[in-house]
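Participant: A single structure is presented below for examination.
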Amino acid sequence: MGSVFAPGQRGPALAGGLIALFLLLFLLVPMAQVVVVAFQDPNTGAPTLINFVDFFKTSLFQESFINSFYVAAMSVVLSSLFALPLAYFTTRFNFGGALLIQTLGIIPLIMPPFVGAVAMALLFGANGSVNLLLDEWFGFTIPFMEGLNGVIFVESIHYFPFILINLSAALNNIDRAMEESAQNLGASGTRLFRRIVFPLAMPGYVAGAALVFIKVFDDLGTPLLLNINNMLAPQAYLRITSIGISDPMGYVISVILVAFSLLSLWVSLLALRGKDYATLQKGGGGLMRRDLRNWEKIGCYAVVILILLLVLSPHLGLLLLSFGTIWSFSVLPDAYTIDHYVTVFSEASGYITNTLLYAGLAALFDVIIGTGIAYIVWRTGLPGRKWLDYGATAALAVPGVVIGIGYLRTYHGINVPIADQPLASWWVIIVVALTIRRLPYALRACVAALQQVSVMLEEAAENLGATKGRTVWRIVVPLMSGGILAGFVTSFATASVELSATLMLVAVDSDAPLAYGIYEFMQSAAGRGPGAALGVIGVVFVGLGTYISHRIIERGRVTLESTAIVAEGAAA
Amino acid sequence: MTSINTTAAGVEIEDLDVSFGDTHVLKGANLSIEPGEFFAFLGPSGSGKSTLLRAIAGFGPTPSGRILIGGEEVAHLPPWKRNVGMVFQSYALWPHMTVRRNVAFGLEERKLPSREIATRVDAVLEMVGLLDLAERRPAQLSGGQQQRIALARTLVVEPRVLLLDEPLSNLDANLRIQMRRELRELQQKLRLTTIFVTHDQEEANTTSDRMAVLNDGVIQQVGAPMELYDNPANLFVATFLGTANVLKGLVEDTDDGAQFNSVDGVPIPLHTKERGPRSLVFRPQNVAIAPANAPVDSDRVRIAGTVCHMEFLGSIIRYGVSVGADTALVDDQHRRGAPVFAIGDEVNLFLQKDQVTTLKN
Ligand SMILES: Nc1ncnc2c1ncn2[C@@H]1O[C@H](COP(=O)(O)OP(=O)(O)O)[C@@H](O)[C@H]1O
Ligand SMILES: [Mg+2]
């Protein structure tokens, strides 16, 4: 007697306590700091709204706010223009659909928008390849990349898959019988669309659009690389880095960014409430598909190829830039070379090794914490266990810039004994930021993996003499390994190109990871080649990572089947 | 000689209560299971059998009351310290381990030397006849093979008590009969205290020395299978074990002694000292059916009725006989040339006095 916990709960309780402490120190406290400072009088420390009043009185901030809002909204519009025809073609017509959607849905996502931004300027800028050709052939140019247009253009190409994926899932989910019964009852054509298709597809669209909106609204790297400073995230970054961490404006902007994040998460949750596309999809089958007439086919393919070209253009541009010698005022680079790669590997390999270290550690911590939380929430009766889940998931609502600002503010004064420098400028803080940022995704992967493991398999181990800890080690973790590995790879891949938090937390160049290196290189015209080469390496990391985790999940399905067979009787 | 050396332990359960939150699932269970006994928990689905079994193994909500194994109080021990072996309904073999690794698991957790583990695993696999499948994965085995491996995995650690939760329910009918014989033989050979959960009375009857019938979280009656069948303690046990005719009514005093009056007024003279509201219970195979005009034998209980349906089943003819508003089933041995009753015939049903039970409603 003497312990408040049932036998076998002490270990999980300890692990849960440590995880809670980690979340408290590196998510809740820094965020609370940000909020407190935003509502604090910088001189007296008294609670006040004066900072917000100042913010909205300053014309630069007014402009930044409007610009960020405008860019995010226009990106939703442009993304929708890309996504709608693709979703419509593939769900309505017999038209090599599934594969196309999948490819189109993944290609842009494996490259963060800031990586391709400079290459896009070279392809679509005022003196870029496309406009040079347009001018030569037709005598006019299109200002794709002028000012805010550039941000909208680059972000839309990058983020439209969110709309495409959600919308296609919603459309595929519509039961064919529903359409038939509507027709049977006399609804057809536009009425059918208005009464059946539109309402059923709307939630998917809204959820995707909300995601696009917030990703663009929060993005720091793309505007910075395109030299657009009068938007919210760049302003927050510039205020903190140029004026210092005591300037309240960075915090005000952070609070606004978090508020918008919460709002759009809430909107997309609301839209998707009670709609589990993954499982319903089997039953739906989608709308009736019809064959295309020849001229229609040509039209469809023309649209699809145009979008495909646009989607591939950042990749293409980056590749050209990384292999090109000089590329200025010309359609293509003057000549080709591998010098940039040589430069990168000889002079800038530190970026790559740092990235492998940081992203590797962050991904490792993510799956360890993710597995821990999943186990505690689903397998123990610890009081308050749900809060671990909520806490880790809350990181979704915190933009990278805000994490960066929060860490700087909270930990600049705390010295790390062994490293003898403030925690906020020690390289480990970058790993911590990456861990927190990727944790919600790793956690979902771990929870999904744990749910595949029948509780009975654990009970059998305990019955044969294995303690809770031994059971986790010998039964639970091995059976979850596929999901854990997928979570690791995804976390690793996305962490390796994370820029916004990193940008604020890198204290010395030798600590900088790849994303930071790309940003640094791209600042000068001479650095663009090596920067692009680094970018290509980053894309390869992410691409490989995505591919591997897909393969793991596919393979997992086969072996998990046997688990399911064994677990079948559990419900009886 | 067998490779398993178990020391059989008795199991005592005293005033055991189990609740899932607000749902009170097991209510005041008391049981005493002898060392080496084959004991069955029998009851309909949802009656609390698994809950009781799992409480003995240390799973499920913390119960109140006492559980003693071999005289030792275990209610406060976690599952891994109880040394009771449990075979799960769906076997719960670990899909990521070979058969050999599955079976070796419990011995590895007990930190035995690897040489000893190897010999004991081989011996137990030999015993269940599956030594040649040792390197396979569970998914590559048939249901019957998986079941034997699950049993071997449990037996190899030489548990004090063997717990089986519907171990046969995932097998097909023929295999089920074969496996229940093997189980019984194995248990006899090992003299291992065994608790077997089932909802199938034939399984319980054929395997167990004694059984407990559960309903709605309450132990209804404990005893040997035949004893319970013949002397059910209440209506639930009577009707759950085999087919029983139940006539509800009242036992009253008359000048000639006791008389049972069914609710709709059919009088049946009885020989019993009990009085008050009772049900008259008897089994179809114990009833003799005779024409209404045949001579009455006063030594037997007589019930008058009308044939309302008739089924020829081969060895027997099953009659439905209306007795007031109730219908009594009668199984009549069929012999060639014997008279057959038609629907609408007036008949008398005769029962030996000791074949009639009166039970409280
Ligand atoms: N995990 C649980 N949570 C809530 N109720 C449960 C749980 N497990 C079992 N029960 C309830 O307890 C009762 C007995 O269940 P169980 O012991 O499994 O019955 P049996 O094995 O006899 O079919 C049932 O009514 C069931 O609904
Ligand atoms: Mg059960």
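Convention: chains lettered A, B, ... in structure tokens order; per-chain residue numbering from 1; ligands numbered from 1 as shown.
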Residues near region 116-130 of chain B, anyone? I mean within 8 Å using only C-alpha atoms, not counting same-chain ones fewer than 4 positions away, as a list in words.
Facilitator: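 Returned residues: Thr2, Ser3, Ile4, Arg100, Val103, Ala104, Leu107, Glu108, Leu112, Ala134, Gln145, Arg148, Ile149, Ala152, Leu155 and Val156 of chain B.
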Participant: Restricting the output to all heavy atoms, write the selected residues as a tab-separated table (two decimals), in the first residue's frame.
Facilitator:
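Generated file (out.tsv):
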```tsv
chain	number	residue	atom	x	y	z
B	2	THR	N	4.87	-36.78	-17.98
B	2	THR	CA	4.66	-35.55	-18.75
B	2	THR	C	5.75	-34.54	-18.42
B	2	THR	O	6.41	-34.64	-17.42
B	2	THR	CB	3.30	-34.93	-18.43
B	2	THR	OG1	3.28	-34.61	-17.05
B	2	THR	CG2	2.15	-35.84	-18.75
B	3	SER	N	5.87	-33.59	-19.30
B	3	SER	CA	6.93	-32.59	-19.13
B	3	SER	C	6.49	-31.47	-18.21
B	3	SER	O	7.28	-30.63	-17.83
B	3	SER	CB	7.28	-32.01	-20.49
B	3	SER	OG	6.10	-31.49	-21.06
B	4	ILE	N	5.20	-31.43	-17.88
B	4	ILE	CA	4.70	-30.32	-17.07
B	4	ILE	C	4.51	-30.80	-15.64
B	4	ILE	O	3.84	-31.80	-15.40
B	4	ILE	CB	3.34	-29.83	-17.62
B	4	ILE	CG1	3.42	-29.58	-19.11
B	4	ILE	CG2	2.85	-28.63	-16.85
B	4	ILE	CD1	4.22	-28.36	-19.48
B	100	ARG	N	7.75	-20.86	-31.59
B	100	ARG	CA	8.73	-21.13	-30.53
B	100	ARG	C	8.90	-19.91	-29.61
B	100	ARG	O	8.90	-20.04	-28.39
B	100	ARG	CB	10.07	-21.49	-31.17
B	100	ARG	CG	11.16	-21.85	-30.16
B	100	ARG	CD	12.46	-22.17	-30.84
B	100	ARG	NE	12.39	-23.37	-31.66
B	100	ARG	CZ	12.37	-24.61	-31.18
B	100	ARG	NH1	12.43	-24.80	-29.87
B	100	ARG	NH2	12.30	-25.64	-31.97
B	103	VAL	N	5.93	-19.51	-27.33
B	103	VAL	CA	5.88	-20.46	-26.22
B	103	VAL	C	6.97	-20.16	-25.21
B	103	VAL	O	6.78	-20.32	-24.00
B	103	VAL	CB	5.98	-21.90	-26.77
B	103	VAL	CG1	6.02	-22.90	-25.62
B	103	VAL	CG2	4.79	-22.19	-27.68
B	104	ALA	N	8.11	-19.67	-25.70
B	104	ALA	CA	9.24	-19.42	-24.79
B	104	ALA	C	9.02	-18.17	-23.94
B	104	ALA	O	9.68	-17.99	-22.90
B	104	ALA	CB	10.53	-19.29	-25.59
B	107	LEU	N	8.71	-18.28	-20.09
B	107	LEU	CA	9.92	-18.78	-19.43
B	107	LEU	C	11.01	-17.72	-19.48
B	107	LEU	O	11.77	-17.55	-18.52
B	107	LEU	CB	10.39	-20.06	-20.13
B	107	LEU	CG	9.38	-21.21	-20.09
B	107	LEU	CD1	9.90	-22.41	-20.86
B	107	LEU	CD2	9.08	-21.60	-18.65
B	108	GLU	N	11.07	-16.98	-20.60
B	108	GLU	CA	12.06	-15.90	-20.70
B	108	GLU	C	11.78	-14.83	-19.65
B	108	GLU	O	12.69	-14.31	-19.01
B	108	GLU	CB	12.02	-15.28	-22.10
B	108	GLU	CG	12.64	-16.18	-23.17
B	108	GLU	CD	12.31	-15.73	-24.59
B	108	GLU	OE1	11.65	-14.68	-24.75
B	108	GLU	OE2	12.70	-16.44	-25.53
B	112	LEU	N	14.67	-17.92	-16.96
B	112	LEU	CA	15.24	-19.25	-16.88
B	112	LEU	C	16.45	-19.33	-17.81
B	112	LEU	O	16.54	-18.60	-18.79
B	112	LEU	CB	14.19	-20.29	-17.31
B	112	LEU	CG	13.44	-20.96	-16.17
B	112	LEU	CD1	12.79	-19.93	-15.26
B	112	LEU	CD2	12.38	-21.90	-16.72
B	134	ALA	N	7.27	-25.36	-35.08
B	134	ALA	CA	7.86	-24.40	-34.15
B	134	ALA	C	8.35	-23.12	-34.81
B	134	ALA	O	8.31	-22.06	-34.20
B	134	ALA	CB	9.01	-25.06	-33.39
B	145	GLN	N	-4.64	-25.50	-34.62
B	145	GLN	CA	-3.21	-25.44	-34.26
B	145	GLN	C	-2.92	-24.24	-33.38
B	145	GLN	O	-2.19	-24.34	-32.39
B	145	GLN	CB	-2.36	-25.39	-35.54
B	145	GLN	CG	-2.37	-26.70	-36.31
B	145	GLN	CD	-1.81	-26.56	-37.71
B	145	GLN	OE1	-1.80	-25.47	-38.27
B	145	GLN	NE2	-1.34	-27.67	-38.26
B	148	ARG	N	-3.89	-24.99	-29.89
B	148	ARG	CA	-2.93	-25.84	-29.15
B	148	ARG	C	-1.70	-25.06	-28.74
B	148	ARG	O	-1.15	-25.27	-27.66
B	148	ARG	CB	-2.47	-26.99	-30.05
B	148	ARG	CG	-3.42	-28.15	-30.04
B	148	ARG	CD	-3.04	-29.07	-31.16
B	148	ARG	NE	-4.24	-29.51	-31.83
B	148	ARG	CZ	-4.54	-30.80	-31.96
B	148	ARG	NH1	-3.71	-31.71	-31.51
B	148	ARG	NH2	-5.65	-31.14	-32.54
B	149	ILE	N	-1.26	-24.17	-29.63
B	149	ILE	CA	-0.07	-23.36	-29.29
B	149	ILE	C	-0.39	-22.44	-28.11
B	149	ILE	O	0.40	-22.29	-27.19
B	149	ILE	CB	0.38	-22.51	-30.50
B	149	ILE	CG1	0.81	-23.42	-31.65
B	149	ILE	CG2	1.52	-21.58	-30.12
B	149	ILE	CD1	1.91	-24.38	-31.32
B	152	ALA	N	-0.21	-24.57	-25.16
B	152	ALA	CA	1.19	-24.91	-24.84
B	152	ALA	C	1.89	-23.72	-24.21
B	152	ALA	O	2.64	-23.87	-23.24
B	152	ALA	CB	1.92	-25.34	-26.11
B	155	LEU	N	0.71	-23.60	-20.65
B	155	LEU	CA	1.09	-24.73	-19.79
B	155	LEU	C	2.58	-24.75	-19.49
B	155	LEU	O	2.99	-25.20	-18.43
B	155	LEU	CB	0.68	-26.05	-20.47
B	155	LEU	CG	-0.82	-26.30	-20.52
B	155	LEU	CD1	-1.10	-27.59	-21.27
B	155	LEU	CD2	-1.39	-26.36	-19.11
B	156	VAL	N	3.39	-24.25	-20.41
B	156	VAL	CA	4.84	-24.39	-20.26
B	156	VAL	C	5.34	-23.66	-19.01
B	156	VAL	O	6.36	-24.03	-18.44
B	156	VAL	CB	5.56	-23.92	-21.54
B	156	VAL	CG1	5.62	-22.41	-21.61
B	156	VAL	CG2	6.96	-24.50	-21.61
```
Participant: Can you tell me which residues come within 8 Å of ligand 1 when counting only C-alpha atoms and all ligand atoms, ideally as a PyMOL selection string?
Facilitator: chain B and resi 19-21+23-26+43-52+60+165+197+199+214+216-217
Participant: Limited to C-alpha atoms, could you put the picked residues into a file as a PDB file, in the first residue's frame?
Facilitator:
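Dumped everything to again36.pdb:
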```
ATOM      1  CA  SER B  19     -18.375  -3.015 -11.550  1.00  0.00           C
ATOM      2  CA  PHE B  20     -17.499  -1.285 -14.807  1.00  0.00           C
ATOM      3  CA  GLY B  21     -18.099   2.278 -13.720  1.00  0.00           C
ATOM      4  CA  THR B  23     -22.573  -1.058 -14.222  1.00  0.00           C
ATOM      5  CA  HIS B  24     -22.583  -3.662 -11.512  1.00  0.00           C
ATOM      6  CA  VAL B  25     -21.542  -6.734 -13.485  1.00  0.00           C
ATOM      7  CA  LEU B  26     -20.681  -9.369 -10.876  1.00  0.00           C
ATOM      8  CA  GLY B  43     -24.202 -19.064 -18.529  1.00  0.00           C
ATOM      9  CA  PRO B  44     -25.678 -17.067 -21.351  1.00  0.00           C
ATOM     10  CA  SER B  45     -23.695 -14.372 -23.097  1.00  0.00           C
ATOM     11  CA  GLY B  46     -23.291 -11.294 -20.914  1.00  0.00           C
ATOM     12  CA  SER B  47     -23.857 -13.178 -17.671  1.00  0.00           C
ATOM     13  CA  GLY B  48     -20.451 -12.239 -16.270  1.00  0.00           C
ATOM     14  CA  LYS B  49     -18.447 -15.437 -16.871  1.00  0.00           C
ATOM     15  CA  SER B  50     -15.505 -13.716 -18.535  1.00  0.00           C
ATOM     16  CA  THR B  51     -15.560 -10.949 -15.962  1.00  0.00           C
ATOM     17  CA  LEU B  52     -15.260 -13.492 -13.157  1.00  0.00           C
ATOM     18  CA  GLY B  60     -10.562  -5.824 -15.497  1.00  0.00           C
ATOM     19  CA  ASP B 165     -12.279 -18.435 -21.813  1.00  0.00           C
ATOM     20  CA  VAL B 197     -15.832 -20.667 -19.420  1.00  0.00           C
ATOM     21  CA  HIS B 199     -22.064 -20.767 -22.892  1.00  0.00           C
ATOM     22  CA  LEU B 214     -24.291 -17.786 -13.921  1.00  0.00           C
ATOM     23  CA  ASP B 216     -27.043 -11.652 -14.749  1.00  0.00           C
ATOM     24  CA  GLY B 217     -23.855 -11.511 -12.715  1.00  0.00           C
TER      25      GLY B 217
END
```
Participant: Within region 41-277 of chain B, find each residue whose DSSP state, derived from the backbone, is strand (DSSP E), and express the selection as an NGL selection string.
Facilitator: :B and (41-42 or 64-69 or 72-73 or 84-87 or 161-165 or 193-198 or 210-215 or 218-223 or 245-254 or 257-262 or 267-269 or 276-277)
Participant: List the spatial neighbours of Arg318 (chain B) as an mmCIF file with N, CA and C atoms, in the first residue's frame - criterion: any atom at most 9 Å away, only C-alpha atoms, same-chain residues fewer than 6 positions off excluded.
Facilitator:
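around-v2.cif, freshly written:
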```cif
data_model
loop_
_atom_site.group_PDB
_atom_site.id
_atom_site.type_symbol
_atom_site.label_atom_id
_atom_site.label_comp_id
_atom_site.auth_asym_id
_atom_site.auth_seq_id
_atom_site.Cartn_x
_atom_site.Cartn_y
_atom_site.Cartn_z
ATOM 1 N N PRO B 284 -39.383 -33.152 -20.920
ATOM 2 C CA PRO B 284 -40.219 -33.826 -21.918
ATOM 3 C C PRO B 284 -39.992 -35.333 -21.967
ATOM 4 N N HIS B 309 -49.782 -30.076 -31.225
ATOM 5 C CA HIS B 309 -48.939 -30.309 -32.403
ATOM 6 C C HIS B 309 -48.091 -31.543 -32.216
ATOM 7 N N MET B 310 -47.530 -32.008 -33.299
ATOM 8 C CA MET B 310 -46.839 -33.286 -33.272
ATOM 9 C C MET B 310 -45.739 -33.252 -34.313
ATOM 10 N N GLU B 311 -44.522 -33.651 -33.886
ATOM 11 C CA GLU B 311 -43.398 -33.703 -34.829
ATOM 12 C C GLU B 311 -42.764 -35.078 -34.729
ATOM 13 N N PHE B 312 -42.564 -35.714 -35.848
ATOM 14 C CA PHE B 312 -41.874 -37.002 -35.853
ATOM 15 C C PHE B 312 -40.391 -36.750 -36.094
ATOM 16 N N LEU B 329 -44.249 -29.913 -23.606
ATOM 17 C CA LEU B 329 -43.625 -30.755 -24.623
ATOM 18 C C LEU B 329 -43.458 -32.162 -24.072
ATOM 19 N N VAL B 330 -43.721 -33.118 -24.910
ATOM 20 C CA VAL B 330 -43.614 -34.515 -24.501
ATOM 21 C C VAL B 330 -42.793 -35.251 -25.541
ATOM 22 N N ASP B 331 -41.715 -35.908 -25.108
ATOM 23 C CA ASP B 331 -40.928 -36.724 -26.041
ATOM 24 C C ASP B 331 -41.304 -38.185 -25.818
ATOM 25 N N ASP B 332 -41.912 -38.777 -26.808
ATOM 26 C CA ASP B 332 -42.359 -40.163 -26.689
ATOM 27 C C ASP B 332 -41.426 -41.033 -27.511
ATOM 28 N N GLN B 333 -40.814 -42.035 -26.872
ATOM 29 C CA GLN B 333 -39.978 -42.987 -27.617
ATOM 30 C C GLN B 333 -40.793 -43.581 -28.749
#
```
Participant: Residues within 7 Å of region 417-425 of chain A, please, as an MDAnalysis selection string. Count only C-alpha atoms; anything in the same chain fewer than 5 positions from it doesn't count.
Facilitator: chainID A and resid 407:408 411:412 505:507
Participant: Could you jot down the CA of Ile430 (chain A) to CA of Val398 (chain A) separation for me, Å, one decimal place?
Facilitator: 15.5 Å
Participant: Define the interface residues of chain B facing chain A as those within 7 Å, counting only C-alpha atoms, and report them as a short mmCIF file (atom, residue, chain, number, x, y, z; two decimals) with C-alpha atoms, in the first residue's frame.
Facilitator:
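Saved to result.cif:
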```
data_model
loop_
_atom_site.label_atom_id
_atom_site.label_comp_id
_atom_site.auth_asym_id
_atom_site.auth_seq_id
_atom_site.Cartn_x
_atom_site.Cartn_y
_atom_site.Cartn_z
CA PRO B 78 -0.93 -7.56 -10.65
CA PRO B 79 -1.55 -10.20 -13.33
CA TRP B 80 2.13 -10.97 -13.83
CA LYS B 81 2.56 -12.04 -10.20
CA GLY B 85 -2.38 -19.41 -16.91
CA MET B 86 -5.06 -18.01 -19.15
CA GLN B 89 -10.90 -16.92 -26.62
CA SER B 90 -9.08 -15.70 -29.72
CA ALA B 92 -3.93 -13.90 -28.52
CA LEU B 93 -0.83 -15.38 -30.12
CA TRP B 94 1.69 -12.66 -30.93
CA PRO B 95 1.83 -12.29 -34.68
CA HIS B 96 5.38 -10.93 -34.74
CA GLY B 106 6.74 -16.85 -20.25
CA GLU B 109 10.15 -13.52 -18.46
CA ALA B 139 -0.85 -16.54 -39.09
#
```
Participant: Output as a ChimeraX atom specification all residues of region 44-106 of chain A that backbone DSSP marks as helix (DSSP H, G or I).
Facilitator: /A:50-57,59-92,97-106
Participant: Residues near Leu382 (chain A), anyone? I mean within 9 Å using only C-alpha atoms, not counting same-chain ones fewer than 6 positions away, as a list of chain:residue names.
Facilitator: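 Residues meeting the cut-off are A:Phe5, A:Gln9, A:Pro12, A:Ala13, A:Gly16, A:Ile376.
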Participant: Using N, CA and C atoms, can you export the residues from the last selection as a PDB file, in the first residue's frame?
Facilitator:
```
ATOM      1  N   PHE A   5      -1.264   4.909  -7.118  1.00  0.00           N
ATOM      2  CA  PHE A   5      -1.495   4.273  -8.414  1.00  0.00           C
ATOM      3  C   PHE A   5      -1.660   2.765  -8.271  1.00  0.00           C
ATOM      4  N   GLN A   9       0.984   1.048 -12.711  1.00  0.00           N
ATOM      5  CA  GLN A   9       0.682   2.380 -13.232  1.00  0.00           C
ATOM      6  C   GLN A   9       1.805   3.363 -12.928  1.00  0.00           C
ATOM      7  N   PRO A  12       3.976   4.256 -16.266  1.00  0.00           N
ATOM      8  CA  PRO A  12       3.248   5.207 -17.122  1.00  0.00           C
ATOM      9  C   PRO A  12       3.065   6.565 -16.457  1.00  0.00           C
ATOM     10  N   ALA A  13       2.833   6.572 -15.145  1.00  0.00           N
ATOM     11  CA  ALA A  13       2.623   7.841 -14.457  1.00  0.00           C
ATOM     12  C   ALA A  13       3.890   8.686 -14.537  1.00  0.00           C
ATOM     13  N   GLY A  16       4.296   9.840 -18.129  1.00  0.00           N
ATOM     14  CA  GLY A  16       3.315  10.888 -18.376  1.00  0.00           C
ATOM     15  C   GLY A  16       3.735  12.198 -17.740  1.00  0.00           C
ATOM     16  N   ILE A 376      -0.413   5.924 -22.857  1.00  0.00           N
ATOM     17  CA  ILE A 376      -1.014   6.438 -21.620  1.00  0.00           C
ATOM     18  C   ILE A 376      -2.500   6.741 -21.823  1.00  0.00           C
TER      19      ILE A 376
END
```
Participant: So which residues touch Arg385 (chain A) within 12 Å, counting only C-alpha atoms, skipping near sequence neighbours fewer than 5 positions away, as a list of chain:residue names?
Facilitator: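 The neighbour list is A:Pro12, A:Ala13, A:Ala15, A:Gly16, A:Gly17, A:Ile19, A:Ala20, A:Gly372, A:Ile373, A:Ala374, A:Tyr375, A:Ile376, A:Val377, A:Trp378, A:Arg379, A:Thr380, A:Tyr390, A:Gly391, A:Ala392.
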Participant: Within 9 Å of Pro269 (chain B), counting only C-alpha atoms, which residues show up once you throw out same-chain ones fewer than 5 positions away? Write them as a VMD selection string, please.
Facilitator: chain B and resid 256 to 261 301 to 303
Participant: Would you compute the distance between CA of Thr7 (chain B) and CA of Arg181 (chain B)? Give it in Å to one decimal.
Facilitator: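 Separating CA of Thr7 (chain B) from CA of Arg181 (chain B) is a distance of 22.2 Å.
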